[in-house]
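Here's the structure, in C-alpha cells; my notes come after.
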Amino acid sequence: MSKMYKISKERLDELYAAVSAVKSLYLPVRSGENQSEFKKWSDQSDVCLDSLNTVKSAKELFFPQSENLISFKVSGKDIELVEDRDPSEPFVLFGVRACDAKSFSILDSVFLSDPVDTFYKSRRENGTVVTLACRAPEETCFCGTFGIDASDPAGGDVKTWLTDTELYWEAVSEKGEELTKLLTGILSEADADADTKAVDDLKKNTKEILARLPLADLKLDYFSGDRLNEKLNDVFYAPQWQELYKSCLGCGTCTFVCPTCQCYDIRDFDTGHGIKRFRCWDSCMYSDFTKMAHGNPRTSQLERFRQRFMHKLVYYPANNGGEYSCVGCGRCLAKCPVSMNIVKVIKAFGGEKA
Amino acid sequence: MQRINDDVLNKCRDLIENGTCDRVLAWEEGEFCYDVTPAVFTGDTLGKMIYDDFCAANQSKYLIDESHKEGRIAALLKPCDTYSFNQLLKENRIKRENVYVLGVPCDGKIDAEKARGLGIKGILGAEIDGDTVAFETIYGKKTCSKKDVLHEKCLSCKGKKHMIFDELTDPEKEPETAVPENGTSRFDGVSKLENMTAEERFRFWRGELSRCIRCNACRNVCPACSCRQCVFDNPASGVSSKANTNDFEENLYHIIRAFHVAGRCTDCGECTRVCPENIPLHLLNRKFIKDINELYGEYQAGYDTALDAPLTSYTKQDAEPGIVHERGVR
Amino acid sequence: MNNDVLIPQIGIVTDIRTDTPDVKTFRVNAPKGGKCFEHMPGQCAMLSMPGVGEAMFSITSSPTNREFMEFSIKRCGGFTEWLHQIEVGQAVTIRGPYGHAFPVDTALKGRDLLFIAGGIGLAPLRSVIDYCLARRSDYGKIDIVYGSRSADDLVDIDEIRNVWMNAENVDVHLTIDRPQEGWEGHVGFVPAYVKELNFDTDKTALLCGPPIMIKFTLASLQEMGYDKTQVYTTMELRMKCGVGKCGRCNIGSKYVCKDGPVFRCDQLDELPNEY
C-alpha cells in the first residue's frame with residue numbers, strides 16, 4: 001500500500017489551483033438548478049463534491065459527446081484530407097465516484113480492443129483519474145450488484161476520501177504517484193493511526209449504508225450462463241419485453257446520462273469552408289439508429305428498448321467474460337422522464353434476492 | 001401508504017365491468033414512492049393501478065396511439081392534462097369516441113429532484129399531510145413544505161378545473177372556473193426575462209441552453225410535438241442532427257421547437273419536468289403565449305376546441321410584422 | 001495524418017460500368033495507381049463522399065485482381081444516388097477491409113461449390129467466384145445459380161457469359177422472375193429453381209440476395225438434404241464504424257461488420273431473428 005496523504009477541506013481550493021497549474025483539472029461543478037457536471041476548474045468554479053451523480057457521467061472526458069475526426073476539402077472531383085483531430089492534453093479528472101471509475105474499464109473493452117480507437121486511447125493516456133469514495137449513497141444506487149465498492153473505489157490512479165474536515169489521498173498507480181509528487185507542497189503526510197482510522201471509519205460507515213440500500217439485493221442471476229450464449233434467444237423472445245417498453249418515449253436520456261453507453265454515429269457537417277467529419281453519441285432508442293436506405297431491422301420501440309437492455313445485460317457480457325455493461329450508478333433511475341429503467345427490467349426477469 | 005383513492009379505483013373497475021371501457025390509462029408503482037410510470041391496465045391488472053401526488057406525467061400524448069387501437073380506453077386526466085387533450089382533439093390526433101376521460105382531481109405533484117435539492121437524500125417513501133411532506137429516507141425522516149417540492153408546472157398551475165371530461169371522480173372538488181393557483185402570475189418569469197437587456201437575455205439563454213444534451217426528451221414528451229417524423233430526425237431535411245455541429249445548434253433546436261408549438265402549446269410544463277439538465281424550457285413557450293395574449297388577445301390553447309387559434313386564423317386587426325421590430329428593441 | 005481506423009484514404013474512380021438500369025460497377029484505384037488495400041473475398045469497405053454520406057459495400061472484385069478493386073452498387077437512395085451520377089476521375093474516400101471473408105482457403109478448399117445469388121446479391125459472391133476461378137485446381141465442381149427480376153437486371157452479364165460459362169467444370173444456371181421477350185433461359189424464382197436443379201448434397205453452398213430470397217432458398221436447400229453447416233451467407237445492416245464499436249449492426253451479440261458479414265447459417269440460429 002502506498003503512503004496516505006491529506007489536506008484539510010478548507011484548503012481544497014489550493015489543491016485545485018496546484019493541480020490546475022500543471023494540468024487541466026476537471027471536477028464536478030454546479031450546473032443548473034441542483035445539478036452538477038464535470039467541468040474544467042477555474043477559481044470561479046462552484047465545486048460540489050457532495051453531489052453523487054453528475055448529470056452526464058465522467059465518460060465524457062474520454063468519449064466526448066461530439067468530436068472531430070477529420071476534415072475534407074472538396075474541389076471539383078478532388079478530395080483532400082485535412083487533419084482536424086481535437087487536441088488531447090494531459091488532464092486530471094477529480095471526484096470520480098466508484099461507479100463511473102468502473103465504467104472506464106467497460107469502455108476500455110470496447111475502444112481499446114483491436115482495432116484500437118486512437119481518439120479514445122489518447123485521452124485515456126492523458127487522463128489521471130482521482131476517485132472519491134462515497135459517503136452518502138442514494139436510494140437509486142446499486143453499484144454493489146456489479147461488485148463495485150463505493151467506499152473504496154477501484155479503477156483510478158488516486159483514491160480519495162472526504163470526511164467532514166479532511167480529504168485523504170492515496171496514489172494507487174504510477175500516474176497517481178506522479179501527480180502526488182507534483183503536490184508535495186500541498187498535501188501533508190497522513191498520520192498512521194488517527195488518519196487511517198478516520199478513513200477506515202468512513203469506509204465502514206459507507207459499507208453499512210450500502211448494505212441497507214433498497215436495491216442492495218438486486219441480483220442478475222437470470223442474465224448468466226447459457227442465457228448469454230446458446231439460450232440467448234430465451235431472453236430475446238421473453239414475454240416481459242411486450243410490457244416493459246410500453247411507456248418508453250423513445251428519447252435518448254437514459255443513453256446520454258449512462259456511463260457505459262458507447263454507441264456512436266459518424267456524420268459530416270458542411271461548414272461552408274469544407275466538410276467536418278465528426279463522431280457523436282448515438283442512442284439505440286432513436287428510430288433512425290438502424291435505418292438503412294432499403295429497410296430497418298428494428299421498426300418498433302419494443303425492439304429498440306429491448307436492444308438497449310439486451311446489450312447491457314446479455315450481449316456485452318457474452319462478449320466480455322460475463323461482465324455487464326452497467327455500473328449501478330442510478331442515473332437512468334433518476335432521469336428517465338417516465339421512470340423506466342434497468343432496475344425495473346432486471347426485476348421483471350426475477351432479479352430479486354434468491 | 002395508500003397509492004390510489006378507492007373511489008377512483010372503483011370507478012375504473014365499474015367502467016370495465018359495465019363495458020364502457022376495456023382498459024385504463026393510469027400509473028404503475030415503481031421502486032420508490034416517486035418513480036411511477038404511465039401504464040395501461042385491464043380488468044386483470046387494475047389492482048396495480050395507482051394515482052397519487054407523484055403521478056405528474058401528462059398522459060394525453062399516449063392517447064394518440066391508444067385511441068387508435070380497438071376498444072375504448074378510460075384515461076385518468078388531471079386538469080392540466082385536459083388542455084393537451086383538447087388541443088390534440090382540435091388537431092385531429094385523438095379519436096374522441098375511443099377515450100373515456102375520467103377527470104381526476106390534482107393537489108399538485110411532487111418532484112423528487114427538488115426534494116434532493118433541499119438535501120433530502122435517499123428517498124424511500126413519503127406521507128403527505130396537507131402542506132407537509134414527510135419523506136422516509138435512508139437517512140431518517142425528513143419533512144418539508146409541499147410547495148417547496150412541487151414541480152414547476154404545478155407552481156404555475158392554470159387552475160383545478162377540467163377543460164373536458166366524460167366523468168369526474170370527485171365532482172364536489174371541481175371548481176366553477178379555472179383560477180390560477182398560488183397567487184402569482186405564471187408570466188412572472190417571462191416578464192423578468194423581458195426586463196433584461198438583450199445582452200443579458202442572450203447570456204441567460206446561452207447559459208441554460210448550452211447544457212442541452214440533445215436527448216430529445218422535451219420533444220418526445222411534448223403533446224404538441226406529435227409529428228410522425230420530426231424534421232430533426234429526418235435525414236432528408238438537412239437539419240437532422242444528434243450532436244451540435246456548432247455551439248449554437250442546440251439553441252436553435254429549442255428555438256425552432258418553440259416556434260413550431262407556438263399557439264398550440266398549452267403550457268403543460270412537461271418539457272421542463274423531463275429535462276435531465278433542468279433547463280427551464282417552459283420559459284420559451286410561455287414567452288410565446290404571453291406575446292400571443294398581448295398581440296391577439298387572451299388565448300389559452302386547449303381551453304375550448306371551438307375557438308379559433310390566433311396564429312392560424314386571419315383577422316384585419318392582426319398585428320403587422322413591424323411589431324416584431326418595435327417590441328424587439330428595449 | 002493520424003492513422004485511426006475511422007480515418008479513410010482517398011480512392012479514385014477509374015471506370016464506371018452500367019450493369020443494369022439501377023446497378024453500376026465502380027472501379028477504384030489508389031491515387032498513385034494500384035489498389036488502396038488488399039482484401040479477401042466477402043470482405044467489405046466503407047466508401048464515402050464527404051458531405052454526402054458513408055456506407056459499407058462488399059468488394060465485388062477478387063483479391064486475385066492485382067490492379068484495382070470493384071464495387072457493384074445498386075441505386076437505392078442517399079449516397080448510392082450520388083455515386084450513380086458521378087463521372088470517371090471522381091475521388092471518393094475508402095477505408096477497410098472489414099469483416100470476415102468466406103473461408104476460401106479453409107472450409108471451401110477442395111469442395112464442390114454451389115453459388116446462389118439473387119439480384120445485387122451477386123456482388124459479394126462474384127469476388128469468391130473469381131477467386132475460385134483464378135485458383136481453379138483448388139476447388140471441385142462449381143455451380144452458379146443466379147436470378148433476377150428480369151434479363152436486364154442480371155449484373156455484369158458479359159462476364160457471366162464470356163468468362164464463367166466458358167470456365168472449366170463450371171455450370172451457370174440463370175433464371176428471371178417473369179417471362180420476357182428474347183429470353184430463352186429458365187423462368188422462375190431462385191428458391192424453386194434450386195430445388196428443380198436437384199443438386200447432390202455433397203456441396204458447400206454460398207448464398208446471397210434479398211432477405212426473403214435467402215430465407216426461402218435456405219428452406220429449399222434444407223428440403224434437399226443440406227445441413228445449415230453447409231451453407232454460408234453474407235449479411236448487411238446499417239454500419240458506421242466497421243470495427244464492432246459503434247453498436248448498430250449487431251444481431252444478438254454478434255456484429256455484422258466484425259463477426260460477419262459472412263456467417264455459416266447454423267451460426268445464425270443462435271441469434272435473434274433481427275435482420
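Ordering of the C-alpha cells sets the chain letters (A, B, ...), residue numbers begin anew at 1 in every chain, and ligands are numbered from 1 in the order given.
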| said: With 12 Å as the limit and counting only C-alpha atoms, what residues in chain C lie close to chain B? Please list them as number ranges by chain. | reply: C: 51-53, 77-79
Selection above as a file: N, CA and C atoms, as a tab-separated table (two decimals), in the first residue's frame:
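Saved the output as again-v8.tsv:
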chain	number	residue	atom	x	y	z
C	51	GLY	N	-19.69	14.89	-46.91
C	51	GLY	CA	-20.85	15.75	-47.05
C	51	GLY	C	-22.04	15.06	-47.68
C	52	VAL	N	-21.81	13.92	-48.29
C	52	VAL	CA	-22.92	13.19	-48.91
C	52	VAL	C	-23.28	11.98	-48.06
C	53	GLY	N	-22.29	11.17	-47.76
C	53	GLY	CA	-22.58	10.01	-46.93
C	53	GLY	C	-21.46	9.01	-46.97
C	77	GLY	N	-31.02	5.25	-52.99
C	77	GLY	CA	-31.18	6.42	-52.12
C	77	GLY	C	-29.87	6.88	-51.51
C	78	GLY	N	-29.86	8.11	-51.03
C	78	GLY	CA	-28.74	8.68	-50.29
C	78	GLY	C	-27.44	8.66	-51.09
C	79	PHE	N	-26.43	8.08	-50.47
C	79	PHE	CA	-25.09	8.07	-51.04
C	79	PHE	C	-25.04	7.33	-52.38
| request: Return as a PyMOL selection string the residues belonging to chain A that are within 6 Å of chain B, counting only C-alpha atoms. | output: chain A and resi 34+138-139+249+251-253+280+335+337-339
Export of the given selection (N, CA and C atoms) as a short mmCIF file (atom, residue, chain, number, x, y, z; two decimals), in the first residue's frame:
data_model
loop_
_atom_site.label_atom_id
_atom_site.label_comp_id
_atom_site.auth_asym_id
_atom_site.auth_seq_id
_atom_site.Cartn_x
_atom_site.Cartn_y
_atom_site.Cartn_z
N ASN A 34 -29.69 22.55 -8.81
CA ASN A 34 -29.45 21.29 -8.10
C ASN A 34 -28.70 20.23 -8.91
N GLU A 138 -27.32 7.15 -2.55
CA GLU A 138 -28.74 7.44 -2.74
C GLU A 138 -29.52 6.13 -2.83
N GLU A 139 -30.85 6.25 -2.78
CA GLU A 139 -31.69 5.06 -2.90
C GLU A 139 -31.57 4.43 -4.29
N LEU A 249 -40.64 6.70 -24.18
CA LEU A 249 -40.89 7.82 -25.09
C LEU A 249 -39.96 7.78 -26.30
N CYS A 251 -36.84 8.66 -26.21
CA CYS A 251 -35.85 9.73 -26.14
C CYS A 251 -34.49 9.11 -25.81
N GLY A 252 -33.46 9.92 -25.74
CA GLY A 252 -32.13 9.37 -25.51
C GLY A 252 -31.59 9.69 -24.12
N THR A 253 -32.47 10.07 -23.19
CA THR A 253 -31.99 10.48 -21.88
C THR A 253 -31.18 9.39 -21.19
N CYS A 280 -20.36 11.40 -32.84
CA CYS A 280 -21.17 11.85 -31.71
C CYS A 280 -21.90 10.68 -31.07
N LYS A 335 -33.36 9.89 -13.98
CA LYS A 335 -33.58 10.81 -15.10
C LYS A 335 -34.63 10.39 -16.13
N PRO A 337 -37.78 10.22 -18.07
CA PRO A 337 -39.00 11.02 -17.94
C PRO A 337 -40.21 10.22 -17.47
N VAL A 338 -40.21 8.92 -17.73
CA VAL A 338 -41.35 8.11 -17.32
C VAL A 338 -40.92 7.01 -16.33
N SER A 339 -39.73 7.20 -15.75
CA SER A 339 -39.24 6.28 -14.72
C SER A 339 -39.18 4.82 -15.16
#
| said: Give me, as a PyMOL selection string, the residues of region 130-248 of chain C that a backbone DSSP run labels alpha helix (DSSP H). | reply: chain C and resi 130-134+157-162+190-197+211-223
Just the selected residues (N, CA and C atoms), exported as a short mmCIF file (atom, residue, chain, number, x, y, z; two decimals), in the first residue's frame, please.
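Output contents, as saved in result-v7.cif:
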data_model
loop_
_atom_site.label_atom_id
_atom_site.label_comp_id
_atom_site.auth_asym_id
_atom_site.auth_seq_id
_atom_site.Cartn_x
_atom_site.Cartn_y
_atom_site.Cartn_z
N ASP C 130 -14.67 -15.40 -58.74
CA ASP C 130 -13.46 -15.06 -59.50
C ASP C 130 -12.20 -15.57 -58.81
N TYR C 131 -12.22 -15.55 -57.48
CA TYR C 131 -11.09 -16.08 -56.72
C TYR C 131 -10.92 -17.57 -57.01
N CYS C 132 -12.06 -18.30 -56.97
CA CYS C 132 -12.01 -19.75 -57.20
C CYS C 132 -11.57 -20.06 -58.64
N LEU C 133 -12.05 -19.24 -59.58
CA LEU C 133 -11.69 -19.49 -60.98
C LEU C 133 -10.20 -19.23 -61.20
N ALA C 134 -9.67 -18.26 -60.46
CA ALA C 134 -8.24 -17.95 -60.60
C ALA C 134 -7.38 -19.06 -59.99
N ILE C 157 -23.63 -9.29 -66.96
CA ILE C 157 -23.95 -10.50 -67.73
C ILE C 157 -22.83 -10.85 -68.71
N ASP C 158 -22.07 -9.85 -69.15
CA ASP C 158 -20.98 -10.11 -70.10
C ASP C 158 -19.94 -11.07 -69.52
N GLU C 159 -19.53 -10.78 -68.27
CA GLU C 159 -18.53 -11.64 -67.66
C GLU C 159 -19.10 -13.04 -67.43
N ILE C 160 -20.37 -13.07 -67.05
CA ILE C 160 -21.01 -14.37 -66.80
C ILE C 160 -20.96 -15.21 -68.09
N ARG C 161 -21.37 -14.59 -69.20
CA ARG C 161 -21.44 -15.34 -70.46
C ARG C 161 -20.04 -15.64 -71.01
N ASN C 162 -19.16 -14.66 -70.98
CA ASN C 162 -17.88 -14.82 -71.65
C ASN C 162 -16.83 -15.55 -70.82
N VAL C 190 -35.66 -18.07 -57.67
CA VAL C 190 -34.45 -18.81 -57.33
C VAL C 190 -34.71 -20.02 -56.41
N PRO C 191 -35.48 -19.84 -55.31
CA PRO C 191 -35.64 -20.98 -54.39
C PRO C 191 -36.23 -22.21 -55.09
N ALA C 192 -37.20 -21.98 -55.98
CA ALA C 192 -37.83 -23.10 -56.68
C ALA C 192 -36.86 -23.70 -57.70
N TYR C 193 -36.10 -22.83 -58.36
CA TYR C 193 -35.15 -23.30 -59.39
C TYR C 193 -34.06 -24.17 -58.77
N VAL C 194 -33.62 -23.77 -57.58
CA VAL C 194 -32.58 -24.54 -56.89
C VAL C 194 -33.08 -25.97 -56.65
N LYS C 195 -34.36 -26.06 -56.23
CA LYS C 195 -34.93 -27.39 -55.97
C LYS C 195 -35.04 -28.20 -57.26
N GLU C 196 -35.49 -27.49 -58.30
CA GLU C 196 -35.64 -28.12 -59.61
C GLU C 196 -34.31 -28.72 -60.09
N LEU C 197 -33.25 -27.97 -59.85
CA LEU C 197 -31.92 -28.40 -60.34
C LEU C 197 -31.40 -29.63 -59.57
N PRO C 211 -33.28 -10.62 -48.28
CA PRO C 211 -33.59 -11.46 -47.13
C PRO C 211 -34.64 -12.54 -47.42
N ILE C 212 -35.67 -12.17 -48.16
CA ILE C 212 -36.77 -13.12 -48.42
C ILE C 212 -36.27 -14.26 -49.30
N MET C 213 -35.40 -13.94 -50.26
CA MET C 213 -34.84 -14.96 -51.15
C MET C 213 -33.93 -15.90 -50.36
N ILE C 214 -33.15 -15.33 -49.43
CA ILE C 214 -32.25 -16.15 -48.61
C ILE C 214 -33.08 -17.12 -47.77
N LYS C 215 -34.14 -16.59 -47.18
CA LYS C 215 -34.98 -17.40 -46.31
C LYS C 215 -35.54 -18.61 -47.06
N PHE C 216 -36.13 -18.35 -48.24
CA PHE C 216 -36.78 -19.45 -48.97
C PHE C 216 -35.75 -20.38 -49.62
N THR C 217 -34.64 -19.84 -50.06
CA THR C 217 -33.63 -20.70 -50.67
C THR C 217 -33.02 -21.63 -49.63
N LEU C 218 -32.79 -21.08 -48.43
CA LEU C 218 -32.26 -21.91 -47.35
C LEU C 218 -33.23 -23.05 -47.06
N ALA C 219 -34.53 -22.73 -47.06
CA ALA C 219 -35.54 -23.77 -46.83
C ALA C 219 -35.47 -24.82 -47.94
N SER C 220 -35.33 -24.37 -49.19
CA SER C 220 -35.21 -25.31 -50.31
C SER C 220 -34.02 -26.23 -50.11
N LEU C 221 -32.88 -25.64 -49.75
CA LEU C 221 -31.66 -26.43 -49.58
C LEU C 221 -31.85 -27.47 -48.47
N GLN C 222 -32.50 -27.04 -47.40
CA GLN C 222 -32.72 -27.98 -46.29
C GLN C 222 -33.63 -29.13 -46.72
N GLU C 223 -34.66 -28.78 -47.50
CA GLU C 223 -35.55 -29.84 -48.01
C GLU C 223 -34.78 -30.83 -48.88
#
Find the residues of chain C in contact range of chain A, meaning any atom within 6 Å when counting only C-alpha atoms, and list them as a compact mmCIF listing (two decimals) with C-alpha atoms, in the first residue's frame.
# COMPACT_ATOMS: atom_id res chain seq x y z
CA MET C 1 -2.03 12.45 -40.60
CA ASP C 4 -7.15 5.77 -36.80
CA GLY C 51 -20.85 15.75 -47.05
CA GLY C 77 -31.18 6.42 -52.12
CA GLN C 90 -14.09 11.40 -59.20
CA ALA C 91 -12.32 10.99 -55.87
CA ARG C 238 -26.52 -0.33 -41.08
CA CYS C 246 -20.42 1.97 -32.91
CA GLY C 247 -23.01 -0.54 -31.82
CA SER C 253 -24.11 -10.47 -29.52
CA GLU C 270 -28.45 -18.99 -32.02
CA PRO C 272 -32.27 -13.37 -32.65
CA GLU C 274 -33.49 -9.29 -36.02
CA TYR C 275 -32.19 -8.65 -39.52
| request: Measuring atom to atom with only C-alpha atoms, identify which of A:Phe278, A:Tyr286, A:Trp41, A:Phe146 is nearest to Pro50 (chain C). | output: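 For Pro50 (chain C), the nearest of the candidates is A:Phe278.
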| What lies within 10 Å of region 42-48 of chain C using only C-alpha atoms, ignoring chain neighbours under 6 positions off, as a ChimeraX atom specification? | /C:6,8-11,54-62,71,79-80,83,91-104,123-128,233-234,239-242,257-258,260-262
| task | Could you tell me, as a PyMOL selection string, which residues of region 28-226 of chain C DSSP assigns to strand (DSSP E or B) when given the backbone? | result | chain C and resi 28-29+44-49+53-58+69-74+91-98+100+113-118+142-148+170-176+186-187+204-208
Saved selection, atoms kept: C-alpha atoms, as a JSON list (two decimals), in the first residue's frame:
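Output (part.json):
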[["chain", "number", "residue", "atom", "x", "y", "z"],
["C", 28, "VAL", "CA", -11.46, 2.21, -57.56],
["C", 29, "ASN", "CA", -7.71, 2.80, -57.55],
["C", 44, "CYS", "CA", -16.30, -5.04, -47.25],
["C", 45, "ALA", "CA", -15.13, -1.46, -47.49],
["C", 46, "MET", "CA", -16.55, 1.87, -46.39],
["C", 47, "LEU", "CA", -16.92, 4.22, -49.31],
["C", 48, "SER", "CA", -17.84, 7.81, -48.82],
["C", 49, "MET", "CA", -18.17, 11.21, -50.31],
["C", 53, "GLY", "CA", -22.58, 10.01, -46.93],
["C", 54, "GLU", "CA", -20.56, 6.99, -45.99],
["C", 55, "ALA", "CA", -21.72, 3.42, -46.41],
["C", 56, "MET", "CA", -20.45, -0.13, -46.37],
["C", 57, "PHE", "CA", -20.21, -2.11, -49.62],
["C", 58, "SER", "CA", -18.93, -5.56, -50.33],
["C", 69, "MET", "CA", -10.98, -3.04, -56.73],
["C", 70, "GLU", "CA", -14.53, -3.04, -57.99],
["C", 71, "PHE", "CA", -17.84, -2.37, -56.32],
["C", 72, "SER", "CA", -21.21, -3.23, -57.89],
["C", 73, "ILE", "CA", -23.66, -0.85, -56.31],
["C", 74, "LYS", "CA", -27.40, -0.62, -56.60],
["C", 91, "ALA", "CA", -12.32, 10.99, -55.87],
["C", 92, "VAL", "CA", -14.06, 9.16, -53.04],
["C", 93, "THR", "CA", -12.84, 8.12, -49.62],
["C", 94, "ILE", "CA", -12.33, 4.50, -48.77],
["C", 95, "ARG", "CA", -11.43, 2.52, -45.66],
["C", 96, "GLY", "CA", -11.26, -1.16, -44.90],
["C", 97, "PRO", "CA", -11.20, -4.05, -45.42],
["C", 98, "TYR", "CA", -13.79, -5.04, -42.85],
["C", 100, "HIS", "CA", -14.59, -11.95, -42.08],
["C", 113, "LEU", "CA", -19.29, -25.24, -54.58],
["C", 114, "LEU", "CA", -22.83, -24.10, -55.18],
["C", 115, "PHE", "CA", -23.19, -20.33, -55.52],
["C", 116, "ILE", "CA", -26.74, -19.00, -55.29],
["C", 117, "ALA", "CA", -27.38, -15.29, -55.83],
["C", 118, "GLY", "CA", -30.38, -13.06, -56.32],
["C", 142, "ILE", "CA", -18.70, -25.12, -59.43],
["C", 143, "ASP", "CA", -22.41, -24.45, -59.93],
["C", 144, "ILE", "CA", -23.74, -20.93, -60.08],
["C", 145, "VAL", "CA", -27.45, -20.24, -59.80],
["C", 146, "TYR", "CA", -28.21, -16.60, -60.46],
["C", 147, "GLY", "CA", -31.61, -15.00, -60.74],
["C", 148, "SER", "CA", -33.02, -11.53, -61.03],
["C", 170, "VAL", "CA", -18.42, -24.64, -64.14],
["C", 171, "ASP", "CA", -22.16, -24.69, -64.77],
["C", 172, "VAL", "CA", -24.11, -21.44, -64.75],
["C", 173, "HIS", "CA", -27.87, -21.57, -64.27],
["C", 174, "LEU", "CA", -29.62, -18.27, -64.95],
["C", 175, "THR", "CA", -33.24, -17.51, -64.20],
["C", 176, "ILE", "CA", -35.53, -14.50, -64.26],
["C", 186, "HIS", "CA", -35.21, -20.51, -67.25],
["C", 187, "VAL", "CA", -38.09, -18.50, -65.76],
["C", 204, "THR", "CA", -20.95, -26.26, -49.90],
["C", 205, "ALA", "CA", -23.45, -23.57, -50.75],
["C", 206, "LEU", "CA", -22.82, -19.80, -50.72],
["C", 207, "LEU", "CA", -25.98, -17.79, -50.66],
["C", 208, "CYS", "CA", -26.63, -14.08, -51.09]]
| request: Identify, on the basis of only C-alpha atoms, every residue whose closest approach to region 188-193 of chain A does not exceed 10 Å; exclude the query and any residue fewer than 5 positions from it along the same chain; express the result as a ChimeraX atom specification. | output: /A:3-8,168-170,183,198
| field | Residue with smallest distance to Ala167 (chain C) - pool C:Glu67, C:Ile129, C:Val155, C:Glu181, counting only C-alpha atoms | value |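 Of C:Glu67, C:Ile129, C:Val155, C:Glu181, the one nearest Ala167 (chain C) is C:Ile129, counting only C-alpha atoms.
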| message | If I take CA of Gly89 (chain C) and CA of His39 (chain C), how far is one from the other in Å, to one decimal? | response | 22.9 Å
| query | Quick one, how far is CA of Val261 (chain B) from CA of Asn285 (chain B)? | reply | 7.8 Å
| message | Which residues are close to region 90-105 of chain A, i.e. within 6 Å by only C-alpha atoms, leaving aside same-chain residues fewer than 5 positions away? Reply as a count of residues only. | response | 19
| Closest to Phe202 (chain B) among B:Phe248, B:Val149, B:Thr272, B:Phe187, using only C-alpha atoms? |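 Ranked by minimum distance to Phe202 (chain B), first place goes to B:Phe248.
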